[in-house]
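Novice: For reference, this is coords-v1.cif, and it has mmCIF, C-alpha atoms.
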data_structure
loop_
_atom_site.label_atom_id
_atom_site.label_comp_id
_atom_site.auth_asym_id
_atom_site.auth_seq_id
_atom_site.Cartn_x
_atom_site.Cartn_y
_atom_site.Cartn_z
CA MET A 4 -30.33 -17.81 -19.02
CA ASN A 5 -26.67 -18.54 -18.49
CA ILE A 6 -24.95 -20.62 -15.82
CA ILE A 7 -24.29 -17.58 -13.61
CA ALA A 8 -27.98 -16.61 -13.52
CA TRP A 9 -28.94 -20.18 -12.61
CA THR A 10 -26.22 -20.24 -9.95
CA ILE A 11 -27.57 -17.04 -8.39
CA ILE A 12 -31.07 -18.56 -8.26
CA ALA A 13 -29.71 -21.79 -6.77
CA CYS A 14 -27.70 -19.85 -4.17
CA GLU A 15 -30.72 -17.77 -3.13
CA VAL A 16 -32.86 -20.88 -2.79
CA GLY A 17 -30.02 -22.64 -0.96
CA PHE A 18 -29.62 -19.68 1.40
CA TRP A 19 -33.24 -19.86 2.53
CA VAL A 20 -33.25 -23.68 2.61
CA VAL A 21 -30.28 -23.83 5.01
CA ILE A 22 -31.83 -21.10 7.17
CA LEU A 23 -35.13 -22.98 7.31
CA LEU A 24 -33.32 -26.26 8.04
CA GLY A 25 -31.34 -24.49 10.76
CA LEU A 26 -34.46 -23.07 12.39
CA ILE A 27 -36.45 -26.31 12.16
CA THR A 28 -33.52 -28.32 13.53
CA ARG A 29 -32.91 -25.79 16.28
CA TYR A 30 -36.48 -25.20 17.48
CA ILE A 31 -38.59 -28.15 16.36
CA LEU A 32 -36.08 -31.00 16.65
CA LYS A 33 -34.31 -29.31 19.60
CA ARG A 34 -30.84 -29.97 18.12
CA GLU A 35 -29.20 -26.61 18.80
CA ARG A 36 -25.70 -27.47 17.53
CA LEU A 37 -26.97 -29.07 14.32
CA GLY A 38 -29.22 -26.06 13.74
CA LEU A 39 -26.23 -23.76 14.19
CA PHE A 40 -24.30 -25.90 11.71
CA PHE A 41 -26.98 -25.35 9.05
CA LEU A 42 -27.03 -21.61 9.72
CA ALA A 43 -23.24 -21.54 9.43
CA LEU A 44 -23.48 -22.97 5.90
CA THR A 45 -24.72 -19.65 4.49
CA PRO A 46 -21.19 -18.27 3.82
CA LEU A 47 -20.38 -21.49 1.92
CA ILE A 48 -23.18 -20.64 -0.50
CA ASP A 49 -21.57 -17.25 -1.13
CA LEU A 50 -18.22 -18.94 -1.72
CA ILE A 51 -19.76 -21.27 -4.32
CA LEU A 52 -21.20 -18.31 -6.23
CA LEU A 53 -17.89 -16.44 -6.05
CA VAL A 54 -15.90 -19.41 -7.37
CA ILE A 55 -18.30 -20.13 -10.24
CA THR A 56 -18.49 -16.47 -11.29
CA ALA A 57 -14.72 -15.95 -11.08
CA THR A 58 -14.05 -19.17 -12.99
CA ASP A 59 -16.47 -18.18 -15.75
CA LEU A 60 -14.81 -14.78 -16.18
CA TYR A 61 -11.29 -16.25 -15.87
CA ASN A 62 -12.10 -18.61 -18.72
CA GLY A 63 -12.76 -15.62 -20.98
CA ALA A 64 -16.50 -15.03 -20.72
CA THR A 65 -17.73 -11.53 -21.47
CA ALA A 66 -19.21 -10.07 -18.30
CA THR A 67 -23.01 -10.02 -18.37
CA MET A 68 -25.65 -8.54 -16.12
CA ALA A 69 -25.70 -11.92 -14.34
CA HIS A 70 -22.02 -11.50 -13.38
CA ALA A 71 -22.79 -8.01 -12.04
CA ILE A 72 -25.80 -9.32 -10.10
CA ALA A 73 -23.55 -12.03 -8.62
CA ALA A 74 -21.32 -9.28 -7.17
CA ILE A 75 -24.38 -7.44 -5.83
CA TYR A 76 -25.68 -10.70 -4.36
CA LEU A 77 -22.37 -11.36 -2.60
CA GLY A 78 -22.15 -7.86 -1.16
CA THR A 79 -25.77 -7.96 -0.04
CA SER A 80 -25.46 -11.41 1.46
CA ILE A 81 -22.42 -10.42 3.49
CA ALA A 82 -23.86 -7.08 4.63
CA PHE A 83 -27.41 -8.25 5.35
CA GLY A 84 -26.89 -11.98 6.04
CA LYS A 85 -26.73 -11.81 9.84
CA SER A 86 -29.72 -9.47 10.12
CA MET A 87 -31.75 -11.62 7.67
CA ILE A 88 -31.04 -14.69 9.79
CA ARG A 89 -32.00 -12.76 12.95
CA TRP A 90 -35.21 -11.58 11.23
CA ALA A 91 -36.09 -15.15 10.17
CA ASP A 92 -35.29 -16.42 13.68
CA GLU A 93 -37.64 -13.87 15.31
CA LYS A 94 -40.47 -14.55 12.84
CA PHE A 95 -40.04 -18.32 13.18
CA LEU A 96 -40.18 -18.12 16.96
CA TYR A 97 -43.31 -15.97 16.95
CA TYR A 98 -45.33 -17.41 14.06
CA ILE A 99 -44.28 -21.08 14.17
CA LYS A 100 -43.28 -21.75 17.79
CA ARG A 101 -45.76 -19.19 19.20
CA GLN A 102 -43.09 -17.79 21.52
CA GLY A 103 -42.07 -14.22 22.19
CA THR A 104 -43.97 -11.04 21.47
CA LYS A 105 -45.61 -10.04 18.22
CA PRO A 106 -43.33 -7.85 16.10
CA VAL A 107 -44.36 -4.20 16.45
CA ARG A 108 -44.58 -1.82 13.49
CA LYS A 109 -41.98 0.89 14.03
CA THR A 110 -42.96 4.55 13.71
CA GLY A 111 -41.44 7.99 14.21
CA LEU A 112 -37.81 8.30 15.20
CA GLU A 113 -37.53 4.56 15.86
CA TYR A 114 -38.48 3.82 12.25
CA ALA A 115 -36.15 6.55 10.92
CA LYS A 116 -33.23 4.99 12.82
CA HIS A 117 -34.21 1.52 11.59
CA SER A 118 -34.37 2.79 8.01
CA MET A 119 -30.98 4.50 8.29
CA LEU A 120 -29.45 1.32 9.72
CA GLY A 121 -30.74 -0.53 6.65
CA THR A 122 -29.27 2.16 4.41
CA LEU A 123 -25.91 1.85 6.15
CA GLN A 124 -26.05 -1.91 5.58
CA HIS A 125 -26.82 -1.10 1.94
CA LEU A 126 -23.71 1.11 1.90
CA LEU A 127 -21.65 -1.81 3.25
CA ALA A 128 -23.14 -4.10 0.59
CA TYR A 129 -22.23 -1.46 -2.01
CA ILE A 130 -18.65 -1.22 -0.75
CA ILE A 131 -18.24 -5.01 -0.86
CA GLY A 132 -20.14 -5.67 -4.10
CA GLY A 133 -18.85 -2.51 -5.77
CA GLY A 134 -15.34 -3.48 -4.74
CA LEU A 135 -15.84 -6.87 -6.38
CA LEU A 136 -17.13 -5.17 -9.53
CA LEU A 137 -14.10 -2.86 -9.62
CA VAL A 138 -11.71 -5.78 -9.11
CA LEU A 139 -13.41 -7.68 -11.94
CA ILE A 140 -13.28 -4.64 -14.23
CA TYR A 141 -9.57 -4.23 -13.43
CA LEU A 142 -8.77 -7.93 -13.96
CA ILE A 143 -10.73 -8.19 -17.20
CA ASP A 144 -8.94 -5.04 -18.43
CA ASP A 145 -11.14 -4.78 -21.51
CA PRO A 146 -13.94 -2.19 -21.45
CA SER A 147 -15.88 -4.04 -24.15
CA ARG A 148 -15.94 -7.21 -22.00
CA SER A 149 -16.74 -5.42 -18.73
CA GLU A 150 -19.33 -2.89 -19.89
CA ALA A 151 -22.16 -4.64 -17.98
CA LEU A 152 -20.16 -4.42 -14.76
CA SER A 153 -19.39 -0.71 -15.00
CA GLY A 154 -22.97 0.08 -16.05
CA THR A 155 -24.33 -1.82 -13.08
CA LEU A 156 -22.00 0.02 -10.72
CA LYS A 157 -23.30 3.36 -12.02
CA VAL A 158 -26.94 2.34 -11.57
CA TRP A 159 -26.24 0.91 -8.11
CA SER A 160 -24.62 4.22 -7.10
CA ILE A 161 -27.84 6.04 -8.03
CA VAL A 162 -29.97 3.50 -6.14
CA LEU A 163 -27.78 3.91 -3.04
CA GLY A 164 -28.16 7.69 -3.25
CA ILE A 165 -31.95 7.33 -3.48
CA ASP A 166 -31.88 4.98 -0.47
CA PHE A 167 -30.06 7.65 1.58
CA VAL A 168 -32.55 10.34 0.51
CA ILE A 169 -35.50 8.13 1.52
CA SER A 170 -33.95 7.29 4.92
CA ILE A 171 -33.19 10.95 5.62
CA SER A 172 -36.76 11.86 4.67
CA TYR A 173 -38.07 9.74 7.57
CA TYR A 174 -36.29 12.10 9.97
CA ILE A 175 -38.00 15.08 8.32
CA TRP A 176 -41.42 13.46 7.79
CA PRO A 177 -41.68 10.68 10.42
CA ARG A 178 -43.68 7.57 9.67
CA THR A 179 -46.95 7.56 11.62
CA ALA A 180 -48.95 4.66 13.02
CA LYS A 181 -51.66 3.13 10.84
CA ARG A 182 -55.15 4.01 11.92
#
Before we go any further, please render this structure as structure tokens.

Specialist:
Amino acid sequence: MNIIAWTIIACEVGFWVVILLGLITRYILKRERLGLFFLALTPLIDLILLVITATDLYNGATATMAHAIAAIYLGTSIAFGKSMIRWADEKFLYYIKRQGTKPVRKTGLEYAKHSMLGTLQHLLAYIIGGGLLLVLIYLIDDPSRSEALSGTLKVWSIVLGIDFVISISYYIWPRTAKR
């Protein structure tokens, strides 16, 4: 594995570590401001990945699947970051602190709306990450060095289309409660 792949792994681990530190500091140690500080570090992790990836490509590296995944990671982190932190916060409160109500499994129209919201977040991630891929392809200006980036963008477009079809299907065939 190359340095970009290892950086992506380190950033993902770092993302969840700072969230966990933020939640523990906030709810267990009762240090609200320090907990907020840890949660606010998540964009810094994205910045580190962006700088390392851009530097690698600027120094003449041929774009690999790892570079493309870095762009996807950045788009996804920006689009889903706040909702992932909210999700972790709710789960932490309920399962660790034993506060709040148990999360309810969504069904019917409520689930269809929830699914479509996730798909719209996916679209935002695609716009951000796809935009980064297009900028990288433009800056590299050599199809042989950016083939992995353009290939990934094509596959991601198909995945996004499938995501929309699945979300729309929940309006046609609503999800029912488990029996």

Novice: Using only C-alpha atoms for the distances, tell me which of A:Gly111, A:Gly121, A:Gly154, A:Gly134 is nearest to Tyr173 (chain A).

Specialist: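 Of A:Gly111, A:Gly121, A:Gly154, A:Gly134, the one nearest Tyr173 (chain A) is A:Gly111, counting only C-alpha atoms.
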
Novice: So that I can check the surroundings of Lys116 (chain A), please list as a list in words every protein, DNA and RNA residue that reaches within 10 Å of it, counting only C-alpha atoms and ignoring chain neighbours fewer than 6 positions away.

Specialist: Lys109, Thr110, Thr122, Ser170, Ile171, Tyr173 and Tyr174 of chain A

Novice: For the selection just defined, write its residues with C-alpha atoms to a file, as an mmCIF file, keeping the file's coordinate frame.

Specialist:
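Now in result-v5.cif:
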data_model
loop_
_atom_site.group_PDB
_atom_site.id
_atom_site.type_symbol
_atom_site.label_atom_id
_atom_site.label_comp_id
_atom_site.auth_asym_id
_atom_site.auth_seq_id
_atom_site.Cartn_x
_atom_site.Cartn_y
_atom_site.Cartn_z
ATOM 1 C CA LYS A 109 -41.980 0.890 14.030
ATOM 2 C CA THR A 110 -42.960 4.550 13.710
ATOM 3 C CA THR A 122 -29.270 2.160 4.410
ATOM 4 C CA SER A 170 -33.950 7.290 4.920
ATOM 5 C CA ILE A 171 -33.190 10.950 5.620
ATOM 6 C CA TYR A 173 -38.070 9.740 7.570
ATOM 7 C CA TYR A 174 -36.290 12.100 9.970
#

Novice: What does the distance between CA of Leu163 (chain A) and CA of His125 (chain A) come to in Å, to one decimal place?

Specialist: 7.1 Å

Novice: Go ahead and compute the interatomic distance for CA of Lys33 (chain A) and CA of Ser86 (chain A), in Å to one decimal.

Specialist: 22.5 Å

Novice: Identify which of the residues A:Ala151, A:Leu42, A:Ile27, A:Leu126 lies closest to Gly164 (chain A), counting all atoms listed in the file when measuring atom-to-atom distances.

Specialist: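 Looking at the shortest contact to Gly164 (chain A), the residue is A:Leu126.
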
Novice: Which of these, A:Ala71, A:Tyr98, A:Ile11, A:Asn62, has the shortest distance to Asp49 (chain A) once you count all atoms listed in the file?

Specialist: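 Once distances to Asp49 (chain A) are computed over all atoms listed in the file, the minimum belongs to A:Ile11.
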
Novice: Applying 10 Å and only C-alpha atoms, which residues near Ile48 (chain A) remain after dropping the ones on its own chain fewer than 3 positions away? List them as a list in words.

Specialist: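 Here the answer would be Thr10, Ile11, Ala13, Cys14, Glu15, Val16, Gly17, Phe18, Val21, Ala43, Leu44, Thr45, Ile51, Leu52, Leu53, Leu77 and Ser80 of chain A.
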
Novice: Output the selection as a short mmCIF file (atom, residue, chain, number, x, y, z; two decimals), in the coordinates of the input - C-alpha atoms for each residue.

Specialist:
data_model
loop_
_atom_site.label_atom_id
_atom_site.label_comp_id
_atom_site.auth_asym_id
_atom_site.auth_seq_id
_atom_site.Cartn_x
_atom_site.Cartn_y
_atom_site.Cartn_z
CA THR A 10 -26.22 -20.24 -9.95
CA ILE A 11 -27.57 -17.04 -8.39
CA ALA A 13 -29.71 -21.79 -6.77
CA CYS A 14 -27.70 -19.85 -4.17
CA GLU A 15 -30.72 -17.77 -3.13
CA VAL A 16 -32.86 -20.88 -2.79
CA GLY A 17 -30.02 -22.64 -0.96
CA PHE A 18 -29.62 -19.68 1.40
CA VAL A 21 -30.28 -23.83 5.01
CA ALA A 43 -23.24 -21.54 9.43
CA LEU A 44 -23.48 -22.97 5.90
CA THR A 45 -24.72 -19.65 4.49
CA ILE A 51 -19.76 -21.27 -4.32
CA LEU A 52 -21.20 -18.31 -6.23
CA LEU A 53 -17.89 -16.44 -6.05
CA LEU A 77 -22.37 -11.36 -2.60
CA SER A 80 -25.46 -11.41 1.46
#

Novice: Which of these, A:Gln124, A:Ser160, A:Ser118, A:Thr155, has the shortest distance to Pro177 (chain A) once you count only C-alpha atoms?

Specialist: A:Ser118

Novice: To one decimal place in Å, what is the distance between CA of Leu39 (chain A) and CA of Leu24 (chain A)?

Specialist: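 Calculated distance between CA of Leu39 (chain A) and CA of Leu24 (chain A) is 9.7 Å.
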
Novice: Assuming the input is short of atoms at region 111-125 of chain A, produce N, CA, C and O atoms for that part as a tab-separated table (two decimals), in the coordinates of the input.

Specialist:
chain	number	residue	atom	x	y	z
A	111	GLY	N	-42.18	6.84	13.71
A	111	GLY	CA	-41.44	7.99	14.21
A	111	GLY	C	-39.94	7.84	14.13
A	111	GLY	O	-39.40	7.30	13.16
A	112	LEU	N	-39.26	8.32	15.16
A	112	LEU	CA	-37.81	8.30	15.20
A	112	LEU	C	-37.27	6.87	15.19
A	112	LEU	O	-36.22	6.61	14.57
A	113	GLU	N	-37.97	5.96	15.83
A	113	GLU	CA	-37.53	4.56	15.86
A	113	GLU	C	-37.47	3.99	14.44
A	113	GLU	O	-36.52	3.30	14.08
A	114	TYR	N	-38.48	4.30	13.63
A	114	TYR	CA	-38.48	3.82	12.25
A	114	TYR	C	-37.40	4.51	11.43
A	114	TYR	O	-36.73	3.88	10.59
A	115	ALA	N	-37.19	5.81	11.64
A	115	ALA	CA	-36.15	6.55	10.92
A	115	ALA	C	-34.78	5.94	11.21
A	115	ALA	O	-33.97	5.75	10.28
A	116	LYS	N	-34.51	5.62	12.46
A	116	LYS	CA	-33.23	4.99	12.82
A	116	LYS	C	-33.10	3.61	12.18
A	116	LYS	O	-32.03	3.25	11.68
A	117	HIS	N	-34.20	2.85	12.20
A	117	HIS	CA	-34.21	1.52	11.59
A	117	HIS	C	-33.93	1.61	10.09
A	117	HIS	O	-33.15	0.83	9.53
A	118	SER	N	-34.57	2.58	9.44
A	118	SER	CA	-34.37	2.79	8.01
A	118	SER	C	-32.92	3.18	7.71
A	118	SER	O	-32.32	2.67	6.76
A	119	MET	N	-32.36	4.07	8.51
A	119	MET	CA	-30.98	4.50	8.29
A	119	MET	C	-30.01	3.35	8.52
A	119	MET	O	-29.01	3.22	7.80
A	120	LEU	N	-30.30	2.50	9.49
A	120	LEU	CA	-29.45	1.32	9.72
A	120	LEU	C	-29.46	0.43	8.47
A	120	LEU	O	-28.42	-0.06	8.03
A	121	GLY	N	-30.64	0.24	7.88
A	121	GLY	CA	-30.74	-0.53	6.65
A	121	GLY	C	-29.97	0.12	5.51
A	121	GLY	O	-29.31	-0.56	4.71
A	122	THR	N	-30.01	1.44	5.44
A	122	THR	CA	-29.27	2.16	4.41
A	122	THR	C	-27.77	2.02	4.62
A	122	THR	O	-27.00	1.87	3.66
A	123	LEU	N	-27.34	2.04	5.87
A	123	LEU	CA	-25.91	1.85	6.15
A	123	LEU	C	-25.46	0.43	5.80
A	123	LEU	O	-24.34	0.22	5.32
A	124	GLN	N	-26.35	-0.54	6.01
A	124	GLN	CA	-26.05	-1.91	5.58
A	124	GLN	C	-25.97	-1.94	4.06
A	124	GLN	O	-25.13	-2.65	3.49
A	125	HIS	N	-26.86	-1.19	3.40
A	125	HIS	CA	-26.82	-1.10	1.94
A	125	HIS	C	-25.49	-0.51	1.49
A	125	HIS	O	-24.89	-0.97	0.51
